[in-house]
Amino acid sequence: MSGTFLGMPAFPEAARAAVRDATLRANLRHATHTIRDKRARAVAELDDWAELREAGKRIKDHTLRHLDHYLLRLEEAVTAAGGTVHWAADADEANRVVTRLVQETGEREVVKVKSMATQEIGLNEALEAAGIRAYETDLAELIVQLGRDRPSHILVPAIHRNRGEIRDVFRTEMGRWGRPAPDGLTDSPAELAEAARLHLREKFLRAKVGISGANFMVAETGTLVVVESEGNGRMCLTLPETLISVVGIEKVVPTWRDLEVFLQTLPRSATAERMNPYTSMWTGTSGGPRGEGDGPRAFHLVLLDNGRTDTLADDVGRQVLRCIRCSACLNVCPVYERAGGHAYGSVYPGPIGAVLGPQLRGTQSALDASLPYASSLCGACYDVCPVAIDIPEVLVHLRERVVEGGEVTRRGVRVRLRPARGHAAERAAMRAARWVFGRPGALRAGQRLASRTRGVHPRALPGPGRAWSASRDLPEVPAEPFRDWWRRTRTEAARTGTAPTEAGKAVRGE
Amino acid sequence: MSDRDVVLGRIGRALGPRPRDPDVTYEDAVARAYRRGPGDGARERDSGVLDLLAENLADYRAVVHRADGDGLADLLARLLAARGARRVLVPPGLPPTWLAEAAVEQVPDRAADTAYDLDRVDSVVTGCAVAIAGTGTLVLDGSPDQGRRRVTLVPDHHVCVVRVPDQVVASVPEALGRLDPRRPLTWISGPSATSDIELDRVEGVHGPRTLEVVLVSGV
Ligand code: SF4
């Protein structure tokens with residue numbers, strides 16, 4: 001299973017490097033602060049925000065509780081509307097299915113709409129291995145692809161790049177992929193957007209195969225929804241002859257009417273807009289009885305598990321499957337702001353990455369064991385989350401798993417994890433905790449962000465987390481058994497020196 | 001075992017036995033305490049729904065015009081002339097009177113046309129299915145006065161005519177109630193834009209860079 005970036009060090013090592021990079025920090029600070037205030041204003045415009053958030057949470061919880069039922073209904077509806085549904089238990093199978101579907105069209109290139117699911121499974125690399133070139137068409141994805149870079153944010157994968165760096169990437173790289181950047185390109189955002197428009201246009205116009213994800217899938221109607229800004233999504237969804245959508249199984253909602261909740265909460269949480277510029281909805285191939293000839297002639301939906309059912313099997317952890325990938329939790333996170341998205345080592349950075357990654361992939365690797373510690377538990381992520389995922393609760397739960405081991409489900413099978421005690425994973429986790437504790441700024445900023453909605457947050461957390469949450473305001477180390485663990489590992493580290501250990505050289509998924 | 005069976009089996013084991021009919025529990029499970037109808041929300045009280053629509057459209061850089069039924073053809077002619085549009089895409093069911101005064105070549109959207117053909121027109125004029133005041137959104141559903149999705153995508157200039165007050169609703173829930181999910185739908189809120197450079201909104205990427213909206217009454 002691909003999952004983390006190749007050779008990614010555990011969180012603390014990567015974070016330390018990021019903090020030394022002054023440009024990266026300035027870029028992140030600027031972008032996250034800009035969006036934070038705007039989001040707050042966009043949310044304040046709706047006087048029923050709390051009710052929308054509650055409804056979003058309940059719709060997702062209900063769907064997850066009956067996930068098999070709604071997936072079957074979705075399959076039926078998509079099939080009835082002329083689409084073909086494929087199932088993929090893991091990344092490899094999803095990649096095989098998509099590669100085969102593209103090969104069957106005889107095409108050697110595809111245009112892609114930004115999609116977390118296809119990044120998660122490493123689809124571009126799989127296609128490339130089969131001699132198929134995938135063009136990313138989202139502006140930020142294009143910047144990442146041209147710069148041979150890695151994404152660092154869910155919504156704005158090139159958030160770590162400022163306008164000057166983007167201009168440099170366009171100038172040097174665009175020509176290798178197609179139409180070069182215009183002469184004399186400056187770093188004005190409008191000119192950069194125009195350069196991307198010109199560069200990608202020829203690709204859209206000739207594309208025969210489009211690949212997308214989806215933000216929502218409606219079980220009762222078989223409708224898929226893609227929310228976007230630039231119009232590259234519309235291009236990829238409507239111009240090609242064949243459309244392949246790879247979507248995580250947790251993206252299904254029961255009814256058409258459920259969209260009325262998420263289409264209000266997602267744009268305001270994501271880009272702080274009342275509504276994003278473009279949203280496309282389509283059902284199967286024909287677009288219904290009268291939409292004849294509108295859009296792709298063939299539509300394939302690939303339903304992706306890849307660790308989601310394992311996450312579903314965990315009573316505490318399954319709430320992360322409610323996530324609608326808005327990225328609001330990244331934008332308010334004091335640790336993300338300082339560490340940068342790359343430190344999280346996979347396509348899912350920030351608070352959601354710290355709870356989703358270790359569940360999708362397991363906590364055995366040093367990176368995944370360290371991620372639950374990449375947080376001060378300040379709770380700002382929970383406050384802004386439009387589906388009320390209690391990220392601190394899940395972080396504490398995962399810490400417990402790293403420290404104490406216990407029953408988990410991996411690839412559908414119950415297994416007992418041993419405690420991380422004495423392993424590289426444990427040392428990485430410990431260093432992540434120390435990294436956060438060693439940053440009073442990260443802790444203080446977090447506390448300032450904790451807002452009025454704290455009142456509905458569970459005050460005490462289960463297990464060792466209870467002690468942890470009791471002392472959340474203090475950069476003090478909490479009580480048993482976490483404290484024991486912390487003390488022991490810290491003295492151990494002091495004894496052995498704090499130089500990066502072999503744990504720092506981990507790992508690629510499992 | 002197929003991947004379908006594998007995934008469904010894993011879900012079944014993860015969740016254990018559950019009530020047989022989830023649809024029955026659905027209504028109870030999902031409280032809908034949020035506003036669904038034409039609200040008494042602060043912004044809707046302060047300005048009428050139509051003004052709110054105009055304000056929110058303009059806030060995201062759509063250019064808003066108003067006309068009555070008699071003035072529509074004249075206004076459309078002026079907008080296209082001001083743009084310098086010579087070739088204008090026309091959906092099959094656009095009322096012929098709308099462009100009666102425009103001195104432009106009217107280009108139909110034929111199934112055989114390629115995206116390259118569409119790329120050679122200057123503007124497109126359409127109607128819409130619903131407009132949402134609270135978000136400044138136009139929804140197109142592929143009806144004959146709106147055409148295929150691609151006609152409002154490839155040209156750089158889109159003029160969208162909204163029949164007021166009939167086609168205007170206050171909120172997203174009301175809009176969904178009016179729409180047919182079996183039709184291909186495009187929700188448009190302002191011209192194409194991106195937030196990808198330093199998380200700041202810049203207008204004008206792949207979709208039409210100029211969106212003009214005509215709120216027409218009495219048609
Ligand atoms: S966890 Fe919540 S806030 Fe974070 S991306 Fe997911 S939905 Fe958004």
# chains A, B, ... in the order shown; residues from 1 in each chain; ligands from 1
call {"tool": "closest_atom_pairs", "arguments": {"of": "range 56-105 of chain B", "to": "range 119-136 of chain B", "cutoff": "8 Å", "atoms": "only C-alpha atoms", "output": "JSON lines"}}
result
{"residue": "B:Asn56", "atom": "CA", "partner": "B:Gly136", "partner_atom": "CA", "distance": 4.5}
{"residue": "B:Leu57", "atom": "CA", "partner": "B:Gly136", "partner_atom": "CA", "distance": 4.5}
{"residue": "B:Tyr60", "atom": "CA", "partner": "B:Gly136", "partner_atom": "CA", "distance": 7.9}
{"residue": "B:Leu80", "atom": "CA", "partner": "B:Ser123", "partner_atom": "CA", "distance": 7.7}
{"residue": "B:Ala85", "atom": "CA", "partner": "B:Asp122", "partner_atom": "CA", "distance": 5.3}
{"residue": "B:Arg86", "atom": "CA", "partner": "B:Asp122", "partner_atom": "CA", "distance": 6.5}
{"residue": "B:Arg87", "atom": "CA", "partner": "B:Val121", "partner_atom": "CA", "distance": 5.1}
{"residue": "B:Val88", "atom": "CA", "partner": "B:Ser123", "partner_atom": "CA", "distance": 4.8}
{"residue": "B:Leu89", "atom": "CA", "partner": "B:Val124", "partner_atom": "CA", "distance": 4.6}
{"residue": "B:Val90", "atom": "CA", "partner": "B:Val125", "partner_atom": "CA", "distance": 6.1}
{"residue": "B:Pro91", "atom": "CA", "partner": "B:Thr126", "partner_atom": "CA", "distance": 6.7}
{"residue": "B:Leu94", "atom": "CA", "partner": "B:Thr126", "partner_atom": "CA", "distance": 6.7}
call {"tool": "closest_atom_pairs", "arguments": {"of": "chain B", "to": "chain A", "cutoff": "6 Å", "atoms": "only C-alpha atoms", "output": "CSV"}}
result
residue,atom,partner,partner_atom,distance
B:Asp3,CA,A:Ala89,CA,5.4
B:Arg4,CA,A:Trp87,CA,5.1
B:Val7,CA,A:Ala89,CA,5.8
B:Leu8,CA,A:Asp68,CA,6.0
B:Arg10,CA,A:Gly412,CA,5.3
B:Ile11,CA,A:Thr309,CA,5.8
B:Ala14,CA,A:Ala313,CA,4.1
B:Val30,CA,A:Arg58,CA,5.3
B:Ala31,CA,A:Ala55,CA,5.9
B:Arg32,CA,A:Ala55,CA,6.0
B:Ala33,CA,A:Glu51,CA,5.6
B:Tyr34,CA,A:Glu51,CA,5.0
B:Ala115,CA,A:Leu205,CA,5.5
B:Thr135,CA,A:Arg274,CA,5.1
B:Arg148,CA,A:Asp294,CA,5.4
B:Val172,CA,A:Glu260,CA,5.9
B:Pro173,CA,A:Glu260,CA,4.9
B:Arg182,CA,A:Gly288,CA,4.8
B:Arg183,CA,A:Gly287,CA,4.8
B:Pro184,CA,A:Trp282,CA,4.7
B:Leu185,CA,A:Met281,CA,5.0
B:Thr186,CA,A:Ser280,CA,4.8
B:Trp187,CA,A:Thr279,CA,4.9
B:Ile188,CA,A:Tyr278,CA,4.9
B:Ser189,CA,A:Pro277,CA,4.3
B:Gly190,CA,A:Pro277,CA,5.7
B:Ser192,CA,A:Glu230,CA,5.0
B:Ala193,CA,A:Glu230,CA,5.0
B:Thr194,CA,A:Glu230,CA,5.4
B:Asp196,CA,A:Ala140,CA,5.5
B:Glu198,CA,A:Ala31,CA,5.1
B:Leu199,CA,A:Ala31,CA,5.4
B:Val205,CA,A:Glu230,CA,5.4
B:His206,CA,A:Gly231,CA,4.9
B:Gly207,CA,A:Gly231,CA,4.7
call {"tool": "residues_around", "arguments": {"residues": "Gly405 in chain A", "least_positions_apart": "4", "cutoff": "12 Å", "atoms": "only C-alpha atoms", "output": "ChimeraX atom specification"}}
result
/A:362-364,369,397-401,415-421,425-426
call {"tool": "residues_near_ligand", "arguments": {"ligand": "ligand 1", "cutoff": "6 Å", "atoms": "only C-alpha atoms and all ligand atoms", "output": "number ranges by chain"}}
result
A: 323-329, 352, 384-387, 389
call {"tool": "select_by_dssp", "arguments": {"residues": "range 207-262 of chain A", "states": "alpha helix (DSSP H)", "output": "PyMOL selection string"}}
result
chain A and resi 232-238+259-262
call {"tool": "closest_residue", "arguments": {"among": "A:Ala129, A:Val402, A:Ala374, A:Val320", "to": "Arg108 in chain A", "atoms": "only C-alpha atoms"}}
result
A:Ala129
call {"tool": "atom_distance", "arguments": {"atom1": "CA of Ala73 in chain B", "atom2": "CA of Leu99 in chain B"}}
result
5.7 Å
call {"tool": "residues_around", "arguments": {"residues": "Arg179 in chain A", "least_positions_apart": "3", "cutoff": "7 Å", "atoms": "only C-alpha atoms", "output": "PyMOL selection string"}}
result
chain A and resi 174-175+199
call {"tool": "write_last_selection", "arguments": {"atoms": "N, CA and C atoms", "output": "short mmCIF file (atom, residue, chain, number, x, y, z; two decimals), in the first residue's frame"}}
result
data_model
loop_
_atom_site.label_atom_id
_atom_site.label_comp_id
_atom_site.auth_asym_id
_atom_site.auth_seq_id
_atom_site.Cartn_x
_atom_site.Cartn_y
_atom_site.Cartn_z
N MET A 174 7.47 24.88 -17.39
CA MET A 174 6.29 24.72 -18.23
C MET A 174 6.63 24.18 -19.62
N GLY A 175 7.72 24.68 -20.17
CA GLY A 175 8.11 24.30 -21.51
C GLY A 175 8.34 22.80 -21.68
N HIS A 199 -1.34 27.39 -20.62
CA HIS A 199 -0.59 26.13 -20.63
C HIS A 199 -1.54 24.92 -20.68
#
call {"tool": "closest_residue", "arguments": {"among": "B:Val164, B:Leu153, B:Ile197, B:Val219", "to": "Leu50 in chain B", "atoms": "only C-alpha atoms"}}
result
B:Val164
call {"tool": "atom_distance", "arguments": {"atom1": "CA of Asp383 in chain A", "atom2": "CA of Gly307 in chain A"}}
result
26.3 Å
call {"tool": "select_by_dssp", "arguments": {"residues": "range 56-139 of chain B", "states": "strand (DSSP E)", "output": "PyMOL selection string"}}
result
chain B and resi 63-68+87-90+105-108+123-126+130-132+137-139
call {"tool": "closest_residue", "arguments": {"among": "A:Arg96, A:Arg73, A:Arg318, A:Arg171", "to": "Leu127 in chain A", "atoms": "only C-alpha atoms"}}
result
A:Arg96
call {"tool": "atom_distance", "arguments": {"atom1": "CA of Leu211 in chain B", "atom2": "CA of Gly142 in chain B"}}
result
17.8 Å
call {"tool": "closest_residue", "arguments": {"among": "A:Val316, A:Leu266, A:Leu371, A:Ala366", "to": "Val43 in chain A", "atoms": "only C-alpha atoms"}}
result
A:Leu266
call {"tool": "decode", "arguments": {"residues": "range 255-388 of chain A", "atoms": "C-alpha atoms", "output": "PDB file, in the first residue's frame"}}
result
ATOM      1  CA  THR A 255     -30.119  11.546  -0.117  1.00  0.00           C
ATOM      2  CA  TRP A 256     -30.069  14.437  -2.546  1.00  0.00           C
ATOM      3  CA  ARG A 257     -31.362  16.669   0.203  1.00  0.00           C
ATOM      4  CA  ASP A 258     -28.258  15.981   2.310  1.00  0.00           C
ATOM      5  CA  LEU A 259     -26.277  18.150  -0.074  1.00  0.00           C
ATOM      6  CA  GLU A 260     -28.089  21.188   1.276  1.00  0.00           C
ATOM      7  CA  VAL A 261     -26.004  20.876   4.422  1.00  0.00           C
ATOM      8  CA  PHE A 262     -22.583  20.256   2.924  1.00  0.00           C
ATOM      9  CA  LEU A 263     -22.907  22.750   0.088  1.00  0.00           C
ATOM     10  CA  GLN A 264     -23.314  25.359   2.785  1.00  0.00           C
ATOM     11  CA  THR A 265     -20.595  24.214   5.167  1.00  0.00           C
ATOM     12  CA  LEU A 266     -17.878  23.092   2.757  1.00  0.00           C
ATOM     13  CA  PRO A 267     -17.184  26.285   0.772  1.00  0.00           C
ATOM     14  CA  ARG A 268     -17.270  28.501   3.825  1.00  0.00           C
ATOM     15  CA  SER A 269     -14.889  26.189   5.688  1.00  0.00           C
ATOM     16  CA  ALA A 270     -12.573  25.622   2.763  1.00  0.00           C
ATOM     17  CA  THR A 271     -11.964  28.872   0.899  1.00  0.00           C
ATOM     18  CA  ALA A 272     -14.110  31.084   3.126  1.00  0.00           C
ATOM     19  CA  GLU A 273     -16.494  31.758   0.253  1.00  0.00           C
ATOM     20  CA  ARG A 274     -20.279  31.771   0.404  1.00  0.00           C
ATOM     21  CA  MET A 275     -20.023  29.402  -2.506  1.00  0.00           C
ATOM     22  CA  ASN A 276     -17.071  28.186  -4.533  1.00  0.00           C
ATOM     23  CA  PRO A 277     -17.058  29.360  -8.170  1.00  0.00           C
ATOM     24  CA  TYR A 278     -18.042  26.026  -9.728  1.00  0.00           C
ATOM     25  CA  THR A 279     -19.810  22.901  -8.577  1.00  0.00           C
ATOM     26  CA  SER A 280     -20.531  20.072 -11.034  1.00  0.00           C
ATOM     27  CA  MET A 281     -23.111  17.359 -10.441  1.00  0.00           C
ATOM     28  CA  TRP A 282     -23.658  14.450 -12.768  1.00  0.00           C
ATOM     29  CA  THR A 283     -25.523  11.189 -12.716  1.00  0.00           C
ATOM     30  CA  GLY A 284     -24.176   8.304 -14.773  1.00  0.00           C
ATOM     31  CA  THR A 285     -23.424   9.049 -18.384  1.00  0.00           C
ATOM     32  CA  SER A 286     -26.347  10.618 -20.088  1.00  0.00           C
ATOM     33  CA  GLY A 287     -27.195  13.244 -17.571  1.00  0.00           C
ATOM     34  CA  GLY A 288     -30.736  11.911 -17.541  1.00  0.00           C
ATOM     35  CA  PRO A 289     -33.361  11.449 -20.187  1.00  0.00           C
ATOM     36  CA  ARG A 290     -33.117  14.915 -21.689  1.00  0.00           C
ATOM     37  CA  GLY A 291     -29.444  15.669 -21.168  1.00  0.00           C
ATOM     38  CA  GLU A 292     -28.582  13.451 -24.121  1.00  0.00           C
ATOM     39  CA  GLY A 293     -25.109  13.970 -25.447  1.00  0.00           C
ATOM     40  CA  ASP A 294     -23.938  16.163 -22.586  1.00  0.00           C
ATOM     41  CA  GLY A 295     -20.557  15.092 -21.306  1.00  0.00           C
ATOM     42  CA  PRO A 296     -18.587  11.830 -21.331  1.00  0.00           C
ATOM     43  CA  ARG A 297     -20.027   8.791 -23.070  1.00  0.00           C
ATOM     44  CA  ALA A 298     -18.494   6.391 -20.572  1.00  0.00           C
ATOM     45  CA  PHE A 299     -18.410   6.844 -16.821  1.00  0.00           C
ATOM     46  CA  HIS A 300     -16.547   4.614 -14.358  1.00  0.00           C
ATOM     47  CA  LEU A 301     -16.766   4.932 -10.605  1.00  0.00           C
ATOM     48  CA  VAL A 302     -14.010   3.248  -8.601  1.00  0.00           C
ATOM     49  CA  LEU A 303     -15.020   2.837  -4.945  1.00  0.00           C
ATOM     50  CA  LEU A 304     -11.900   2.842  -2.786  1.00  0.00           C
ATOM     51  CA  ASP A 305     -11.418   1.191   0.610  1.00  0.00           C
ATOM     52  CA  ASN A 306      -7.630   1.338   1.251  1.00  0.00           C
ATOM     53  CA  GLY A 307      -7.842   1.337   5.048  1.00  0.00           C
ATOM     54  CA  ARG A 308     -11.218   2.985   5.424  1.00  0.00           C
ATOM     55  CA  THR A 309     -13.030  -0.137   6.608  1.00  0.00           C
ATOM     56  CA  ASP A 310     -10.237  -0.708   9.135  1.00  0.00           C
ATOM     57  CA  THR A 311     -10.844   2.797  10.406  1.00  0.00           C
ATOM     58  CA  LEU A 312     -14.566   2.088  10.479  1.00  0.00           C
ATOM     59  CA  ALA A 313     -13.919  -0.858  12.803  1.00  0.00           C
ATOM     60  CA  ASP A 314     -12.535   1.462  15.485  1.00  0.00           C
ATOM     61  CA  ASP A 315     -15.255   2.950  17.690  1.00  0.00           C
ATOM     62  CA  VAL A 316     -13.339   6.097  18.526  1.00  0.00           C
ATOM     63  CA  GLY A 317     -11.380   6.499  15.317  1.00  0.00           C
ATOM     64  CA  ARG A 318     -14.224   6.061  12.834  1.00  0.00           C
ATOM     65  CA  GLN A 319     -15.379   9.639  13.258  1.00  0.00           C
ATOM     66  CA  VAL A 320     -12.517  10.781  11.032  1.00  0.00           C
ATOM     67  CA  LEU A 321     -14.421   9.204   8.135  1.00  0.00           C
ATOM     68  CA  ARG A 322     -16.862  12.102   8.459  1.00  0.00           C
ATOM     69  CA  CYS A 323     -14.144  14.392   7.074  1.00  0.00           C
ATOM     70  CA  ILE A 324     -15.156  16.434   4.031  1.00  0.00           C
ATOM     71  CA  ARG A 325     -11.534  17.554   3.390  1.00  0.00           C
ATOM     72  CA  CYS A 326     -12.247  21.240   3.828  1.00  0.00           C
ATOM     73  CA  SER A 327      -8.795  21.896   5.361  1.00  0.00           C
ATOM     74  CA  ALA A 328     -10.104  24.360   7.960  1.00  0.00           C
ATOM     75  CA  CYS A 329      -8.311  22.369  10.654  1.00  0.00           C
ATOM     76  CA  LEU A 330      -4.982  22.856   8.899  1.00  0.00           C
ATOM     77  CA  ASN A 331      -5.452  26.573   8.609  1.00  0.00           C
ATOM     78  CA  VAL A 332      -6.003  27.083  12.340  1.00  0.00           C
ATOM     79  CA  CYS A 333      -3.422  24.602  13.603  1.00  0.00           C
ATOM     80  CA  PRO A 334      -0.449  26.208  15.395  1.00  0.00           C
ATOM     81  CA  VAL A 335       1.633  23.083  14.882  1.00  0.00           C
ATOM     82  CA  TYR A 336       0.863  22.909  11.146  1.00  0.00           C
ATOM     83  CA  GLU A 337       1.683  26.577  10.804  1.00  0.00           C
ATOM     84  CA  ARG A 338       5.151  26.018  12.249  1.00  0.00           C
ATOM     85  CA  ALA A 339       5.969  22.559  10.983  1.00  0.00           C
ATOM     86  CA  GLY A 340       4.563  22.816   7.449  1.00  0.00           C
ATOM     87  CA  GLY A 341       2.591  20.202   5.603  1.00  0.00           C
ATOM     88  CA  HIS A 342       5.530  18.143   4.415  1.00  0.00           C
ATOM     89  CA  ALA A 343       6.456  17.205   7.970  1.00  0.00           C
ATOM     90  CA  TYR A 344       3.349  15.026   8.149  1.00  0.00           C
ATOM     91  CA  GLY A 345       4.866  12.798   5.515  1.00  0.00           C
ATOM     92  CA  SER A 346       1.818  11.926   3.434  1.00  0.00           C
ATOM     93  CA  VAL A 347      -0.823  13.561   1.264  1.00  0.00           C
ATOM     94  CA  TYR A 348      -2.916  14.214   4.375  1.00  0.00           C
ATOM     95  CA  PRO A 349      -1.149  16.842   6.473  1.00  0.00           C
ATOM     96  CA  GLY A 350      -2.242  18.835   9.514  1.00  0.00           C
ATOM     97  CA  PRO A 351      -4.619  17.716  12.232  1.00  0.00           C
ATOM     98  CA  ILE A 352      -6.725  15.550   9.927  1.00  0.00           C
ATOM     99  CA  GLY A 353      -3.554  13.953   8.575  1.00  0.00           C
ATOM    100  CA  ALA A 354      -2.379  13.189  12.100  1.00  0.00           C
ATOM    101  CA  VAL A 355      -5.561  11.216  12.805  1.00  0.00           C
ATOM    102  CA  LEU A 356      -6.333   9.843   9.352  1.00  0.00           C
ATOM    103  CA  GLY A 357      -2.895   8.682   8.201  1.00  0.00           C
ATOM    104  CA  PRO A 358      -2.071   6.464  11.179  1.00  0.00           C
ATOM    105  CA  GLN A 359      -5.500   4.872  10.877  1.00  0.00           C
ATOM    106  CA  LEU A 360      -5.418   4.253   7.144  1.00  0.00           C
ATOM    107  CA  ARG A 361      -1.872   2.935   7.306  1.00  0.00           C
ATOM    108  CA  GLY A 362      -1.490   1.656  10.882  1.00  0.00           C
ATOM    109  CA  THR A 363       0.771   3.002  13.614  1.00  0.00           C
ATOM    110  CA  GLN A 364       3.674   0.625  13.154  1.00  0.00           C
ATOM    111  CA  SER A 365       6.019   2.898  11.264  1.00  0.00           C
ATOM    112  CA  ALA A 366       8.024   5.585  13.013  1.00  0.00           C
ATOM    113  CA  LEU A 367       6.271   8.278  11.028  1.00  0.00           C
ATOM    114  CA  ASP A 368       2.783   7.027  11.810  1.00  0.00           C
ATOM    115  CA  ALA A 369       3.619   6.464  15.456  1.00  0.00           C
ATOM    116  CA  SER A 370       4.886  10.022  15.723  1.00  0.00           C
ATOM    117  CA  LEU A 371       1.927  11.730  14.034  1.00  0.00           C
ATOM    118  CA  PRO A 372      -0.511  11.467  16.982  1.00  0.00           C
ATOM    119  CA  TYR A 373       2.055  13.479  18.929  1.00  0.00           C
ATOM    120  CA  ALA A 374       2.228  16.248  16.368  1.00  0.00           C
ATOM    121  CA  SER A 375      -0.294  18.275  18.316  1.00  0.00           C
ATOM    122  CA  SER A 376      -0.627  20.315  21.465  1.00  0.00           C
ATOM    123  CA  LEU A 377      -4.272  19.173  21.781  1.00  0.00           C
ATOM    124  CA  CYS A 378      -5.390  22.779  21.819  1.00  0.00           C
ATOM    125  CA  GLY A 379      -8.666  21.862  20.160  1.00  0.00           C
ATOM    126  CA  ALA A 380      -8.786  24.640  17.560  1.00  0.00           C
ATOM    127  CA  CYS A 381      -9.220  21.980  14.848  1.00  0.00           C
ATOM    128  CA  TYR A 382     -12.307  20.601  16.537  1.00  0.00           C
ATOM    129  CA  ASP A 383     -13.805  24.052  16.901  1.00  0.00           C
ATOM    130  CA  VAL A 384     -13.642  24.814  13.195  1.00  0.00           C
ATOM    131  CA  CYS A 385     -14.449  21.342  11.860  1.00  0.00           C
ATOM    132  CA  PRO A 386     -17.741  21.519   9.922  1.00  0.00           C
ATOM    133  CA  VAL A 387     -18.553  17.897  10.780  1.00  0.00           C
ATOM    134  CA  ALA A 388     -17.425  18.190  14.407  1.00  0.00           C
TER     135      ALA A 388
END
